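Asks: So that we are looking at the same thing, I have put the structure below in structure tokens.
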Amino acid sequence: MAVEVDLFKAGMRRLAGHVCVITTAAGDGGRNGLTATAVASVTVSPPTLLCCINRTASAFETVKDTGRFVINVMSETEREIANRFAGGDSGEARFTSGHWLTLATGAPVLASALVAFDCRVSDIAEIGSHGVFFGEVQAIHLSDGIDRPLLYLQGAYGSFSQFG
């Protein structure tokens with residue numbers, strides 16, 4: 001028996017997730033990205049993370065074609081950047097806020113992110129509407145301070161109150 005889509009969505013809205021901005025860069029240097037909560041650690045040896053990207057997202061083909069992406073873990077002070085990458089603008093217009101740098105793969109890294117994992121795609125599984133990108137971590141950038149993480153639950157941002 002298949003689960004009703006609306007019921008599944010309602011259930012997933014109750015699963016709190018950390019907010020990440022997934023960024024990538026095309027061969028010509030054009031940058032793109034999206035906001036995501038479907039990010040997880042896979043293994044420590046080799047260090048590998050996964051992120052799930054909807055096939056209709058503007059960054060999907062770039063990640064697939066270039067084989068590179070960065071998982072930027074957002075702090076509560078970066079709501080505006082998370083919103084910018086969640087919709088509205090696309091491509092370079094999403095990078096008008098924040099200080100951006102590059103590490104090993106050349107994909108954009110948000111300098112103020114709690115942590116940024118610079119990844120090279122090691123495998124892709126396309127399931128339903130999404131691609132699951134497995135990324136072997138090539139480099140890591142830690143921010144200078146530790147702010148409260150930006151979380152997402154029931155369609156709204158929040159933070160971890162017992163931290164900091």
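So you can find residues: chains in the structure tokens are A, B, ... in the order shown, residues in each start at 1, and ligands are numbered from 1 in order.
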How would you write, as a ChimeraX atom specification, the set of residues in chain A that DSSP gives as strand (DSSP E)?

Replies: /A:17-18,20-25,31-36,39-44,47-54,68-73,100-102,108-110,115-127,130-142,150-153,156-159

Asks: Please save C-alpha atoms of the selected residues as a short mmCIF file (atom, residue, chain, number, x, y, z; two decimals), in the first residue's frame.

Replies:
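Output file part26.cif is given in full below:
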data_model
loop_
_atom_site.label_atom_id
_atom_site.label_comp_id
_atom_site.auth_asym_id
_atom_site.auth_seq_id
_atom_site.Cartn_x
_atom_site.Cartn_y
_atom_site.Cartn_z
CA GLY A 17 16.52 19.59 9.73
CA HIS A 18 19.64 21.69 9.58
CA CYS A 20 22.28 24.02 4.20
CA VAL A 21 23.03 25.93 1.03
CA ILE A 22 24.32 23.62 -1.69
CA THR A 23 26.52 25.51 -4.17
CA THR A 24 28.21 24.59 -7.42
CA ALA A 25 30.02 26.20 -10.33
CA ARG A 31 27.66 29.81 -9.98
CA ASN A 32 24.38 28.35 -8.80
CA GLY A 33 22.90 26.81 -5.69
CA LEU A 34 19.88 25.97 -3.59
CA THR A 35 18.73 25.66 0.01
CA ALA A 36 18.34 22.10 1.29
CA VAL A 39 21.89 16.33 3.69
CA ALA A 40 23.55 13.54 5.67
CA SER A 41 26.86 11.99 6.58
CA VAL A 42 27.48 8.66 4.83
CA THR A 43 30.90 7.43 5.96
CA VAL A 44 34.09 8.73 7.55
CA PRO A 47 34.78 11.13 4.25
CA THR A 48 31.49 11.19 2.29
CA LEU A 49 28.26 13.17 2.55
CA LEU A 50 25.08 13.03 0.53
CA CYS A 51 22.63 15.69 -0.58
CA CYS A 52 19.31 15.27 -2.36
CA ILE A 53 18.49 17.73 -5.16
CA ASN A 54 15.22 17.97 -7.04
CA ARG A 68 31.30 19.20 -7.68
CA PHE A 69 29.30 20.82 -4.91
CA VAL A 70 29.73 22.43 -1.51
CA ILE A 71 27.48 21.83 1.47
CA ASN A 72 27.43 25.11 3.42
CA VAL A 73 25.87 24.58 6.87
CA TRP A 100 32.37 33.67 -1.13
CA LEU A 101 35.65 31.83 -1.65
CA THR A 102 36.76 28.56 -3.23
CA PRO A 108 31.63 28.45 -4.03
CA VAL A 109 32.15 28.33 -0.26
CA LEU A 110 30.33 30.74 2.08
CA VAL A 115 31.19 24.56 8.19
CA ALA A 116 31.52 24.07 4.44
CA PHE A 117 32.25 20.66 2.93
CA ASP A 118 33.79 20.89 -0.54
CA CYS A 119 32.85 17.67 -2.35
CA ARG A 120 33.59 15.76 -5.53
CA VAL A 121 30.67 13.58 -6.70
CA SER A 122 31.52 9.91 -6.25
CA ASP A 123 28.10 8.46 -7.12
CA ILE A 124 24.57 9.50 -8.08
CA ALA A 125 21.31 7.66 -7.49
CA GLU A 126 18.28 9.07 -9.25
CA ILE A 127 15.15 8.18 -7.32
CA HIS A 130 15.41 13.74 -6.92
CA GLY A 131 19.03 12.93 -7.47
CA VAL A 132 20.97 11.69 -4.46
CA PHE A 133 24.51 12.98 -4.87
CA PHE A 134 27.23 11.24 -2.87
CA GLY A 135 30.20 13.55 -2.42
CA GLU A 136 33.66 12.63 -1.24
CA VAL A 137 34.91 15.54 0.85
CA GLN A 138 37.97 17.19 -0.69
CA ALA A 139 38.33 20.13 1.70
CA ILE A 140 36.62 21.64 4.76
CA HIS A 141 36.26 25.28 5.82
CA LEU A 142 35.32 26.06 9.44
CA LEU A 150 19.80 27.42 11.49
CA LEU A 151 17.11 24.73 11.64
CA TYR A 152 13.89 24.18 9.67
CA LEU A 153 10.63 22.72 10.99
CA ALA A 156 9.74 27.94 9.48
CA TYR A 157 13.29 28.64 10.58
CA GLY A 158 14.43 28.21 14.17
CA SER A 159 17.55 27.43 16.15
#

Asks: Within 8 Å of A:Ile81, counting only C-alpha atoms, which residues show up once you throw out same-chain ones fewer than 6 positions away? Write them as a ChimeraX atom specification, please.

Replies: /A:94,97-98

Asks: Which of stretch 20-162 of chain A counts as alpha helix (DSSP H) under DSSP, as a list in words please?

Replies: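 Those in stretch 20-162 of chain A that DSSP calls alpha helix (DSSP H) are Phe60, Glu61, Thr62, Val63, Lys64, Asp65, Thr66, Arg79, Glu80, Ile81, Ala82, Asn83, Arg84, Phe85 and Ala86 of chain A.
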
Asks: Pick out the closest residue to A:Asp28 from this set: A:Ser90, A:Leu15, A:Ser45, A:Ala107. Count only C-alpha atoms.

Replies: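 Looking only at the distances to A:Asp28, the closest residue turns out to be A:Ala107.
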
Asks: Quick one: residues within 12 Å of A:Ile146, only C-alpha atoms, excluding same-chain residues fewer than 6 positions away - as a list of chain:residue names?

Replies: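 What passes the distance filter is A:Val73, A:Met74, A:Ser75, A:Glu76, A:Thr77, A:Ser112, A:Ala113, A:Leu114, A:Val115, A:Phe163, A:Gly164.
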